[in-house]
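Raw contents of input.txt, compact mmCIF, C-alpha atoms:
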```txt
# COMPACT_ATOMS: atom_id res chain seq x y z
CA MET A 279 0.00 0.00 0.00
CA PRO A 280 1.66 3.20 -1.21
CA LYS A 281 2.27 5.88 1.38
CA ALA A 282 2.61 9.57 0.59
CA HIS A 283 2.65 12.98 2.12
CA LEU A 284 -0.86 13.95 1.09
CA ASP A 285 -1.33 17.59 0.24
CA HIS A 286 -3.27 19.61 -2.31
CA ALA A 287 -0.60 19.28 -5.00
CA PHE A 288 -0.29 15.50 -4.56
CA VAL A 289 -4.05 15.02 -4.69
CA THR A 290 -4.34 17.13 -7.82
CA ALA A 291 -1.83 14.95 -9.66
CA ALA A 292 -2.70 11.55 -8.16
CA VAL A 293 -4.11 8.85 -10.46
CA CYS A 294 -4.78 5.13 -10.32
CA LYS A 295 -1.65 3.10 -11.22
CA PRO A 296 -1.74 1.31 -14.57
CA GLY A 297 -3.14 -2.22 -14.44
CA GLN A 298 -5.02 -1.65 -11.16
CA ASN A 299 -8.73 -1.04 -10.55
CA LYS A 300 -7.88 1.33 -7.71
CA THR A 301 -4.85 2.65 -5.88
CA ASP A 302 -4.89 3.71 -2.20
CA TYR A 303 -2.47 6.39 -1.02
CA TYR A 304 -2.05 6.43 2.76
CA ASP A 305 -1.06 9.71 4.40
CA LEU A 306 2.21 9.72 6.35
CA THR A 307 0.98 12.21 8.98
CA VAL A 308 -2.61 11.16 9.82
CA THR A 309 -2.87 7.42 10.47
CA GLY A 310 -5.55 5.82 8.31
CA PHE A 311 -6.21 8.90 6.15
CA VAL A 312 -6.49 7.54 2.59
CA LEU A 313 -6.91 8.90 -0.90
CA GLU A 314 -8.53 6.26 -3.09
CA CYS A 315 -7.96 6.71 -6.83
CA ARG A 316 -10.03 4.52 -9.16
CA ARG A 317 -9.40 3.50 -12.75
CA SER A 318 -12.62 5.30 -13.72
CA GLY A 319 -11.05 8.57 -12.61
CA GLY A 320 -12.98 8.94 -9.38
CA ARG A 321 -11.07 9.91 -6.23
CA THR A 322 -12.36 9.75 -2.65
CA TYR A 323 -11.04 10.49 0.85
CA TYR A 324 -11.48 7.84 3.57
CA LEU A 325 -10.39 7.17 7.12
CA ARG A 326 -9.55 3.51 7.70
CA TYR A 327 -9.25 2.22 11.25
CA ALA A 328 -9.77 -0.75 13.56
CA ASP A 329 -12.73 -0.62 15.94
CA ALA A 330 -12.65 -1.75 19.60
CA ALA A 331 -13.11 -5.36 18.50
CA GLY A 332 -10.20 -5.17 16.06
CA ARG A 333 -12.39 -5.19 12.96
CA GLN A 334 -11.18 -3.12 10.02
CA LYS A 335 -13.58 -0.36 9.01
CA GLN A 336 -13.58 2.68 6.82
CA TYR A 337 -15.40 5.98 6.99
CA LYS A 338 -16.13 7.86 3.77
CA ILE A 339 -15.16 11.52 4.13
CA GLY A 340 -16.08 12.67 0.62
CA ARG A 341 -15.13 12.88 -3.03
CA VAL A 342 -12.22 15.09 -4.07
CA GLU A 343 -14.49 17.28 -6.17
CA ASP A 344 -16.85 17.80 -3.23
CA VAL A 345 -14.40 18.38 -0.34
CA THR A 346 -11.26 20.50 -0.28
CA PHE A 347 -8.07 18.74 0.81
CA ALA A 348 -7.73 20.99 3.88
CA ALA A 349 -11.31 20.20 5.00
CA ALA A 350 -10.85 16.48 4.35
CA LYS A 351 -7.62 16.28 6.37
CA LYS A 352 -9.09 18.26 9.25
CA HIS A 353 -12.08 15.92 9.33
CA ALA A 354 -9.79 12.90 9.20
CA GLN A 355 -7.82 14.23 12.20
CA ARG A 356 -11.04 14.68 14.20
CA LEU A 357 -12.24 11.18 13.30
CA ARG A 358 -8.86 9.70 14.20
CA SER A 359 -9.02 11.35 17.61
CA GLU A 360 -12.47 9.82 18.10
CA VAL A 361 -11.10 6.36 17.25
CA VAL A 362 -8.16 6.77 19.66
CA MET A 363 -10.65 7.68 22.41
CA GLY A 364 -12.53 4.42 21.80
CA GLY A 365 -15.20 5.74 19.47
CA ASP A 366 -16.48 4.25 16.24
CA PRO A 367 -17.43 6.99 13.74
CA GLY A 368 -18.58 4.44 11.20
CA ALA A 369 -21.07 2.92 13.64
CA ALA A 370 -22.45 6.36 14.48
CA LYS A 371 -22.88 7.08 10.78
CA ALA A 372 -24.60 3.72 10.26
CA ASP A 373 -26.92 4.43 13.18
CA ALA A 374 -27.83 7.78 11.64
CA LYS A 375 -28.61 6.10 8.31
CA ALA A 376 -30.77 3.55 10.14
CA ILE A 377 -33.13 6.30 11.31
CA PRO A 378 -36.32 5.86 9.24
CA LEU A 379 -38.02 8.58 7.25
CA TYR A 380 -41.31 9.89 8.61
CA ARG A 381 -43.19 8.19 5.77
CA ASP A 382 -42.02 4.81 7.15
CA LEU A 383 -43.35 5.61 10.61
CA ALA A 384 -46.53 7.06 9.08
CA ALA A 385 -47.17 3.77 7.27
CA MET A 386 -46.90 1.90 10.58
CA HIS A 387 -49.18 4.46 12.25
CA LEU A 388 -51.81 4.15 9.51
CA ALA A 389 -51.77 0.36 9.67
CA ASP A 390 -52.36 0.49 13.41
CA ALA A 391 -55.07 3.14 13.11
CA LYS A 392 -56.93 1.15 10.47
CA LEU A 393 -57.38 -1.63 12.99
CA ASN A 394 -58.04 0.43 16.10
CA LEU A 395 -59.28 3.92 15.21
CA LYS A 396 -62.89 4.70 14.37
CA SER A 397 -62.02 8.06 12.80
CA TYR A 398 -59.43 6.45 10.50
CA ALA A 399 -60.59 8.33 7.39
CA THR A 400 -60.08 11.70 9.08
CA MET A 401 -56.61 10.78 10.29
CA GLU A 402 -55.61 9.29 6.93
CA ALA A 403 -56.68 12.48 5.15
CA CYS A 404 -54.61 14.56 7.58
CA MET A 405 -51.58 12.37 6.88
CA ARG A 406 -52.05 12.42 3.12
CA ASN A 407 -52.84 16.10 2.70
CA HIS A 408 -50.59 17.69 5.30
CA LEU A 409 -48.03 15.55 7.13
CA LEU A 410 -46.59 13.41 4.34
CA PRO A 411 -46.10 16.24 1.80
CA LYS A 412 -44.12 18.17 4.43
CA TRP A 413 -42.33 15.51 6.49
CA GLY A 414 -42.59 12.27 4.50
CA LYS A 415 -38.99 12.36 3.18
CA VAL A 416 -37.45 13.72 6.38
CA ARG A 417 -35.60 11.50 8.87
CA LEU A 418 -37.31 11.29 12.23
CA THR A 419 -34.41 12.89 14.08
CA ASP A 420 -34.43 15.83 11.67
CA ILE A 421 -38.01 16.79 12.53
CA THR A 422 -37.48 19.32 15.30
CA ASN A 423 -39.72 21.09 17.75
CA ARG A 424 -38.81 24.43 16.22
CA GLY A 425 -39.48 23.20 12.68
CA VAL A 426 -42.88 21.77 13.57
CA SER A 427 -43.86 24.89 15.50
CA GLN A 428 -42.95 27.12 12.56
CA TRP A 429 -44.78 24.84 10.11
CA LEU A 430 -47.98 24.90 12.19
CA ALA A 431 -47.78 28.68 12.41
CA GLU A 432 -47.46 28.86 8.62
CA LYS A 433 -50.49 26.60 8.27
CA ARG A 434 -52.54 28.91 10.49
CA ALA A 435 -51.37 31.95 8.53
CA ALA A 436 -52.33 30.22 5.27
CA GLY A 437 -55.93 29.87 6.45
CA SER A 438 -56.12 26.41 8.02
CA SER A 439 -58.64 26.34 10.86
CA PRO A 440 -57.38 26.03 14.44
CA ALA A 441 -58.99 22.58 14.66
CA THR A 442 -57.21 21.39 11.51
CA VAL A 443 -53.85 22.68 12.74
CA GLU A 444 -54.37 21.00 16.10
CA ARG A 445 -55.20 17.74 14.35
CA MET A 446 -51.91 17.93 12.45
CA ARG A 447 -50.03 18.40 15.71
CA MET A 448 -51.86 15.57 17.41
CA VAL A 449 -51.42 13.06 14.56
CA LEU A 450 -47.70 13.84 14.21
CA GLY A 451 -47.22 13.59 17.97
CA ARG A 452 -49.15 10.31 18.07
CA SER A 453 -46.82 8.89 15.40
CA TYR A 454 -43.86 9.48 17.71
CA VAL A 455 -45.68 8.06 20.75
CA LEU A 456 -46.40 4.86 18.83
CA GLY A 457 -42.87 4.81 17.41
CA GLN A 458 -41.40 4.98 20.89
CA ARG A 459 -43.69 2.15 21.99
CA TRP A 460 -42.55 0.08 19.02
CA GLU A 461 -38.88 1.02 19.65
CA VAL A 462 -38.48 2.71 16.27
CA PRO A 463 -35.07 4.46 16.11
CA GLY A 464 -35.30 8.24 16.22
CA THR A 465 -38.59 8.53 18.12
CA ASP A 466 -37.20 9.12 21.61
CA LYS A 467 -37.77 12.88 21.26
CA ASN A 468 -41.30 13.93 20.29
CA PRO A 469 -41.06 17.17 18.24
CA THR A 470 -44.63 18.21 19.10
CA ARG A 471 -44.09 18.17 22.85
CA GLY A 472 -44.18 21.60 24.44
CA ILE A 473 -45.56 23.43 21.40
CA ALA A 474 -47.83 26.20 22.65
CA ARG A 475 -51.35 26.01 21.23
CA LYS A 476 -54.31 28.28 21.55
CA PRO A 477 -57.45 26.89 23.21
CA LEU A 478 -60.01 25.74 20.68
CA CYS A 479 -63.59 26.84 20.64
CA ASN A 480 -65.22 24.73 17.95
CA SER A 481 -68.64 24.43 19.50
CA ARG A 482 -71.28 25.15 16.91
CA GLU A 483 -74.45 23.72 18.30
CA ILE A 484 -77.81 24.56 16.77
CA PHE A 485 -81.00 23.73 18.61
CA ILE A 486 -84.28 23.87 16.71
CA ASP A 487 -87.55 24.72 18.43
CA THR A 488 -90.90 22.99 18.04
CA ALA A 489 -92.01 25.19 15.13
CA GLN A 490 -88.78 24.53 13.25
CA ALA A 491 -89.04 20.82 14.01
CA ALA A 492 -92.55 20.83 12.52
CA ARG A 493 -91.28 22.52 9.34
CA LEU A 494 -88.47 19.99 9.11
CA ARG A 495 -90.82 17.03 9.51
CA LYS A 496 -93.03 18.40 6.75
CA ALA A 497 -90.01 18.86 4.46
CA VAL A 498 -88.60 15.36 4.98
CA ALA A 499 -92.05 13.84 4.46
CA ALA A 500 -92.00 15.32 0.96
CA SER A 501 -88.43 14.16 0.23
CA GLN A 502 -87.64 11.93 -2.73
CA ASN A 503 -85.76 9.76 -0.25
CA PRO A 504 -88.59 7.68 1.26
CA GLN A 505 -86.56 6.79 4.34
CA LEU A 506 -85.52 10.35 5.24
CA GLN A 507 -88.68 11.13 7.20
CA HIS A 508 -88.19 8.01 9.32
CA ILE A 509 -84.50 8.73 9.89
CA VAL A 510 -85.04 12.36 10.91
CA GLY A 511 -88.03 11.47 13.07
CA LEU A 512 -86.08 8.84 15.00
CA LEU A 513 -83.02 11.07 15.38
CA LEU A 514 -85.15 13.82 16.92
CA LEU A 515 -86.86 11.37 19.27
CA THR A 516 -83.83 9.35 20.38
CA GLY A 517 -80.85 11.72 20.20
CA ALA A 518 -78.88 8.94 18.50
CA ARG A 519 -75.94 9.60 16.22
CA VAL A 520 -76.83 9.33 12.54
CA ARG A 521 -74.36 6.50 11.88
CA GLU A 522 -75.80 4.55 14.81
CA LEU A 523 -79.25 4.74 13.25
CA LEU A 524 -78.18 4.03 9.68
CA ASP A 525 -76.42 0.86 10.89
CA ALA A 526 -79.28 -0.23 13.18
CA ARG A 527 -80.64 -3.78 12.82
CA TRP A 528 -84.13 -5.08 13.46
CA GLU A 529 -82.74 -7.76 15.78
CA ASN A 530 -81.58 -5.06 18.21
CA VAL A 531 -84.93 -3.32 18.53
CA ASP A 532 -87.29 -4.56 21.27
CA VAL A 533 -90.66 -2.95 20.71
CA ASP A 534 -92.24 -4.59 23.78
CA ARG A 535 -89.54 -3.24 26.11
CA GLN A 536 -89.32 0.02 24.18
CA SER A 537 -85.55 -0.22 23.82
CA TRP A 538 -82.94 -0.27 21.10
CA LEU A 539 -79.51 -1.85 21.55
CA ILE A 540 -76.53 -0.17 19.90
CA PRO A 541 -73.88 -2.93 20.05
CA THR A 542 -70.90 -0.62 19.52
CA SER A 543 -71.25 3.08 20.27
CA LYS A 544 -68.73 5.91 19.94
CA THR A 545 -67.39 5.08 23.41
CA GLY A 546 -66.69 1.52 22.26
CA LYS A 547 -69.30 0.09 24.62
CA PRO A 548 -72.81 -1.18 23.88
CA ARG A 549 -75.69 0.94 25.11
CA TRP A 550 -79.48 0.77 25.28
CA VAL A 551 -81.55 3.66 23.92
CA PRO A 552 -85.03 4.05 25.40
CA LEU A 553 -87.77 4.41 22.80
CA SER A 554 -90.76 6.67 23.38
CA LYS A 555 -94.21 5.69 22.14
CA ALA A 556 -93.76 8.17 19.29
CA ALA A 557 -90.50 6.48 18.31
CA ILE A 558 -92.15 3.06 18.51
CA GLY A 559 -94.88 4.41 16.24
CA ILE A 560 -92.31 5.35 13.59
CA ILE A 561 -90.56 1.99 13.90
CA GLU A 562 -93.82 0.04 13.55
CA ALA A 563 -94.61 2.03 10.41
CA LEU A 564 -91.24 1.35 8.79
CA PRO A 565 -91.30 -0.65 5.54
CA ARG A 566 -89.97 -4.18 5.93
CA PHE A 567 -87.89 -5.79 3.21
CA LYS A 568 -87.49 -9.53 2.81
CA ASN A 569 -84.15 -10.91 4.09
CA CYS A 570 -82.99 -7.39 4.96
CA PRO A 571 -81.70 -7.01 8.55
CA TRP A 572 -81.38 -3.21 8.49
CA LEU A 573 -83.88 -0.92 10.18
CA VAL A 574 -83.78 1.93 7.62
CA PRO A 575 -81.91 0.57 4.60
CA ASN A 576 -81.48 2.20 1.23
CA PRO A 577 -84.37 0.63 -0.73
CA ASP A 578 -82.22 0.52 -3.87
CA THR A 579 -79.33 -1.45 -2.37
CA MET A 580 -80.91 -3.08 0.69
CA LYS A 581 -77.84 -1.95 2.61
CA PRO A 582 -77.24 0.91 5.06
CA TYR A 583 -76.95 4.34 3.49
CA VAL A 584 -73.38 5.48 3.01
CA SER A 585 -74.67 9.06 3.24
CA ILE A 586 -77.97 10.95 3.18
CA LYS A 587 -76.23 14.25 2.45
CA HIS A 588 -78.04 15.27 -0.72
CA SER A 589 -81.59 14.50 0.41
CA TRP A 590 -80.84 16.14 3.76
CA GLN A 591 -79.56 19.34 2.15
CA THR A 592 -82.67 19.57 -0.01
CA ALA A 593 -85.00 19.03 2.96
CA ARG A 594 -83.33 21.59 5.22
CA LYS A 595 -83.49 24.15 2.42
CA VAL A 596 -87.22 23.51 2.01
CA ALA A 597 -87.63 23.82 5.80
CA GLU A 598 -85.77 27.16 5.69
CA LEU A 599 -83.06 25.80 7.99
CA PRO A 600 -80.00 26.16 5.72
CA GLY A 601 -77.37 25.97 8.48
CA LEU A 602 -78.80 22.90 10.21
CA ARG A 603 -76.53 19.86 10.24
CA ILE A 604 -77.81 16.33 10.64
CA HIS A 605 -75.83 16.08 13.91
CA ASP A 606 -77.74 19.10 15.24
CA LEU A 607 -80.78 16.83 15.55
CA ARG A 608 -78.95 15.10 18.40
CA HIS A 609 -78.39 18.46 20.11
CA SER A 610 -82.03 19.37 19.49
CA ALA A 611 -83.25 16.13 21.06
CA ALA A 612 -81.18 17.00 24.12
CA SER A 613 -82.59 20.53 24.24
CA PHE A 614 -86.18 19.24 24.10
CA MET A 615 -85.46 16.88 27.00
CA VAL A 616 -83.72 19.50 29.13
CA ASN A 617 -86.38 22.13 28.57
CA SER A 618 -89.05 19.58 29.48
CA GLY A 619 -87.52 19.30 32.93
CA VAL A 620 -85.39 16.19 32.43
CA ASP A 621 -82.22 16.43 34.52
CA LEU A 622 -78.83 16.46 32.83
CA PHE A 623 -77.80 13.08 34.23
CA ALA A 624 -80.77 11.39 32.55
CA VAL A 625 -80.13 13.27 29.31
CA GLY A 626 -76.53 12.05 29.33
CA LYS A 627 -77.67 8.46 29.82
CA VAL A 628 -80.08 8.71 26.89
CA LEU A 629 -77.41 10.20 24.62
CA GLY A 630 -74.81 7.67 25.72
CA HIS A 631 -72.26 10.18 26.99
CA ALA A 632 -69.19 8.62 28.56
CA SER A 633 -68.88 11.41 31.13
CA TYR A 634 -71.08 13.97 32.82
CA GLN A 635 -68.86 16.73 31.42
CA SER A 636 -70.10 15.93 27.92
CA THR A 637 -73.67 16.64 28.98
CA GLN A 638 -72.73 19.91 30.70
CA ARG A 639 -72.81 21.67 27.32
CA TYR A 640 -76.61 21.55 27.60
CA ALA A 641 -76.74 23.08 31.07
CA HIS A 642 -77.64 26.55 29.76
CA LEU A 643 -80.71 25.09 28.03
CA ALA A 644 -82.30 24.40 31.41
CA ASN A 645 -82.81 28.14 31.94
CA GLU A 646 -86.45 27.96 30.81
CA THR A 647 -87.17 25.19 33.29
CA LEU A 648 -85.34 27.05 36.06
CA LEU A 649 -87.31 30.23 35.36
CA GLN A 650 -90.54 28.24 35.65
CA ALA A 651 -89.31 26.91 38.99
CA VAL A 652 -88.56 30.33 40.45
CA GLU A 653 -91.79 31.76 39.05
CA SER A 654 -93.68 28.92 40.74
CA CYS A 655 -91.80 29.73 43.95
CA ALA A 656 -92.75 33.41 43.70
CA ALA A 657 -96.37 32.63 42.89
CA LYS A 658 -96.58 30.34 45.90
CA GLN A 659 -95.27 33.06 48.19
CA SER A 660 -97.63 35.67 46.77
CA ALA A 661 -100.59 33.44 47.38
CA ALA A 662 -99.59 32.91 50.99
```
Representation of the structure as structure tokens:
Amino acid sequence: MPKAHLDHAFVTAAVCKPGQNKTDYYDLTVTGFVLECRRSGGRTYYLRYADAAGRQKQYKIGRVEDVTFAAAKKHAQRLRSEVVMGGDPGAAKADAKAIPLYRDLAAMHLADAKLNLKSYATMEACMRNHLLPKWGKVRLTDITNRGVSQWLAEKRAAGSSPATVERMRMVLGRSYVLGQRWEVPGTDKNPTRGIARKPLCNSREIFIDTAQAARLRKAVAASQNPQLQHIVGLLLLTGARVRELLDARWENVDVDRQSWLIPTSKTGKPRWVPLSKAAIGIIEALPRFKNCPWLVPNPDTMKPYVSIKHSWQTARKVAELPGLRIHDLRHSAASFMVNSGVDLFAVGKVLGHASYQSTQRYAHLANETLLQAVESCAAKQSAA
């Protein structure tokens, strides 16, 4: 192995020796510092060394055309010092290369979410539209707290809603939480941790009154969707979620006991929904289809509706309730119960809330009932 006093002039003139595929020139001053000259004309700087176990390794410093000789030698000296102190620069470099890109972790996250997350479609859209375009090709250790914070701020400035920006933060942070659980290299530091975020106020709850409910019932009765009137009627009377009703089966409805079993609710637990006589009346009037297990199926497919969006939008326009969402029927059912004097605990049980805090959003609706109570109190005292 030829040895030489490597300097800029030597490197400029150095070539591969005739008859060889490559020629290595070892520096006389820095142990292991090598200039590799190949027959193809390529030339590269390396540091060759023995690790703690005595195994021969090499660390690529860079090509001659990419790194100046002075920079290459200085780097070689630093690496040599690391080796003398018991380090292994090649292993550190290999570890860095072993850090996955975010898209690899995202694929693992999506696979897990598809099995365990009910809102998979929402999370997948967040990944596809926001996270992967920005971070997909970035190594996990290169995604920093500062970078994520700045990116989220840019998203807000570009017009993304606070809820959308918060979802981005949460999904990215969840990726790292799962990665740490699965011992994925590079996930020990979560870049979303500690990012300041403004409190969200996304509540947009509309409660219709009896007159509006009457207009809505009239509109859905005239809908081209024959099942819409039954669906809306039952949603207003039960406070169920629309997906719970669209997926309801006849086998889970007990008319005699006036109850409806929802095997898997949003909380992940089964729950019983009490059915009023008016709700039973709608159920008994529902069309029955041979060999069809669904309560309110699409008559064309004999399967649950994927969506009732178009017929719903037409009906709410006819009812002059353009801003009313189908989910607002659940809120309206709660408001009717509260303003009829039903206590919040009972309302929460009917709606299937996992906690009392979820029902507290309807506390202000009890004002009418409370006013009646104090008026009754005052009237009683006046009569005394």
### Summary
Counting all atoms listed in the file, the residue among A:Val308, A:Leu514, A:Val520, A:Ala556 that lies closest to Ser610 in chain A is A:Leu514
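Closest approach to Asp466 in chain A among A:Thr419, A:Ser397, A:Ser654, A:Asn576: A:Thr419, based on only C-alpha atoms.
Take CA of Pro565 in chain A and CA of Trp590 in chain A: the distance between them is 19.9 Å.
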### Message
Using all atoms listed in the file, can you tell me which of A:His508, A:Arg459, A:Arg452, A:Arg434 comes closest to Arg475 in chain A?
### Response
A:Arg434
So that I can check the surroundings of Ala384 in chain A, please list as a PDB file with C-alpha atoms, in the frame of the given file every protein, DNA and RNA residue that reaches within 9 Å of it, counting only C-alpha atoms and ignoring chain neighbours fewer than 5 positions away.
```
ATOM      1  CA  LEU A 379     -38.020   8.580   7.250  1.00  0.00           C
ATOM      2  CA  ALA A 389     -51.770   0.360   9.670  1.00  0.00           C
ATOM      3  CA  MET A 405     -51.580  12.370   6.880  1.00  0.00           C
ATOM      4  CA  LEU A 409     -48.030  15.550   7.130  1.00  0.00           C
ATOM      5  CA  LEU A 410     -46.590  13.410   4.340  1.00  0.00           C
ATOM      6  CA  GLY A 414     -42.590  12.270   4.500  1.00  0.00           C
ATOM      7  CA  LEU A 450     -47.700  13.840  14.210  1.00  0.00           C
ATOM      8  CA  SER A 453     -46.820   8.890  15.400  1.00  0.00           C
TER       9      SER A 453
END
```
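Using only C-alpha atoms for every distance, the candidate list A:Glu444, A:Asp390, A:Glu522, A:Glu343 yields A:Glu522 as the residue closest to Arg608 in chain A.
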### Message
For Gln355 in chain A, find every residue with an atom within 12 Å (counting all atoms listed in the file), except residues of its own chain fewer than 4 positions away, and show them as a VMD selection string.
### Response
chain A and resid 305 307 to 312 324 to 326 339 348 to 351 359 to 362
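Each of A:Lys467, A:Lys371, A:Arg519, A:Arg341 was checked against Val289 in chain A using only C-alpha atoms; the smallest atom-to-atom distance is that of A:Arg341.
Between CA of Asn407 in chain A and CA of Val584 in chain A lies a distance of 23.1 Å.
Take CA of Leu494 in chain A and CA of Ile561 in chain A: the distance between them is 18.7 Å.
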### Task
Quick one: everything within 12 Å of Arg333 in chain A, counting only C-alpha atoms, minus sequence neighbours fewer than 3 positions away in the same chain. Send it as a VMD selection string.
chain A and resid 326 to 330 336 366 368 to 369
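Minimum atom-to-atom distances from A:Asn617, A:Gln298, A:Gln334, A:Thr470 to Gln428 in chain A were compared using all atoms listed in the file, and the lowest value belongs to A:Thr470.
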Can you tell me, as a PDB file with C-alpha atoms, in the frame of the given file, what residues are no more than 12 Å from Ala563 in chain A when counting only C-alpha atoms, ignoring any on the same chain fewer than 2 positions away?
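Contents of around-v4.pdb, freshly written:
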```
ATOM      1  CA  GLN A 505     -86.560   6.790   4.340  1.00  0.00           C
ATOM      2  CA  GLN A 507     -88.680  11.130   7.200  1.00  0.00           C
ATOM      3  CA  HIS A 508     -88.190   8.010   9.320  1.00  0.00           C
ATOM      4  CA  GLY A 511     -88.030  11.470  13.070  1.00  0.00           C
ATOM      5  CA  LEU A 512     -86.080   8.840  15.000  1.00  0.00           C
ATOM      6  CA  ALA A 556     -93.760   8.170  19.290  1.00  0.00           C
ATOM      7  CA  ALA A 557     -90.500   6.480  18.310  1.00  0.00           C
ATOM      8  CA  ILE A 558     -92.150   3.060  18.510  1.00  0.00           C
ATOM      9  CA  GLY A 559     -94.880   4.410  16.240  1.00  0.00           C
ATOM     10  CA  ILE A 560     -92.310   5.350  13.590  1.00  0.00           C
ATOM     11  CA  ILE A 561     -90.560   1.990  13.900  1.00  0.00           C
ATOM     12  CA  PRO A 565     -91.300  -0.650   5.540  1.00  0.00           C
ATOM     13  CA  ARG A 566     -89.970  -4.180   5.930  1.00  0.00           C
ATOM     14  CA  LEU A 573     -83.880  -0.920  10.180  1.00  0.00           C
ATOM     15  CA  VAL A 574     -83.780   1.930   7.620  1.00  0.00           C
TER      16      VAL A 574
END
```
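Residues with any atom within 10 Å of Ala624 in chain A, counting all atoms listed in the file and excluding same-chain neighbours fewer than 5 positions away, are Met615, Val616, Leu629, Gly630 and Thr637 of chain A.
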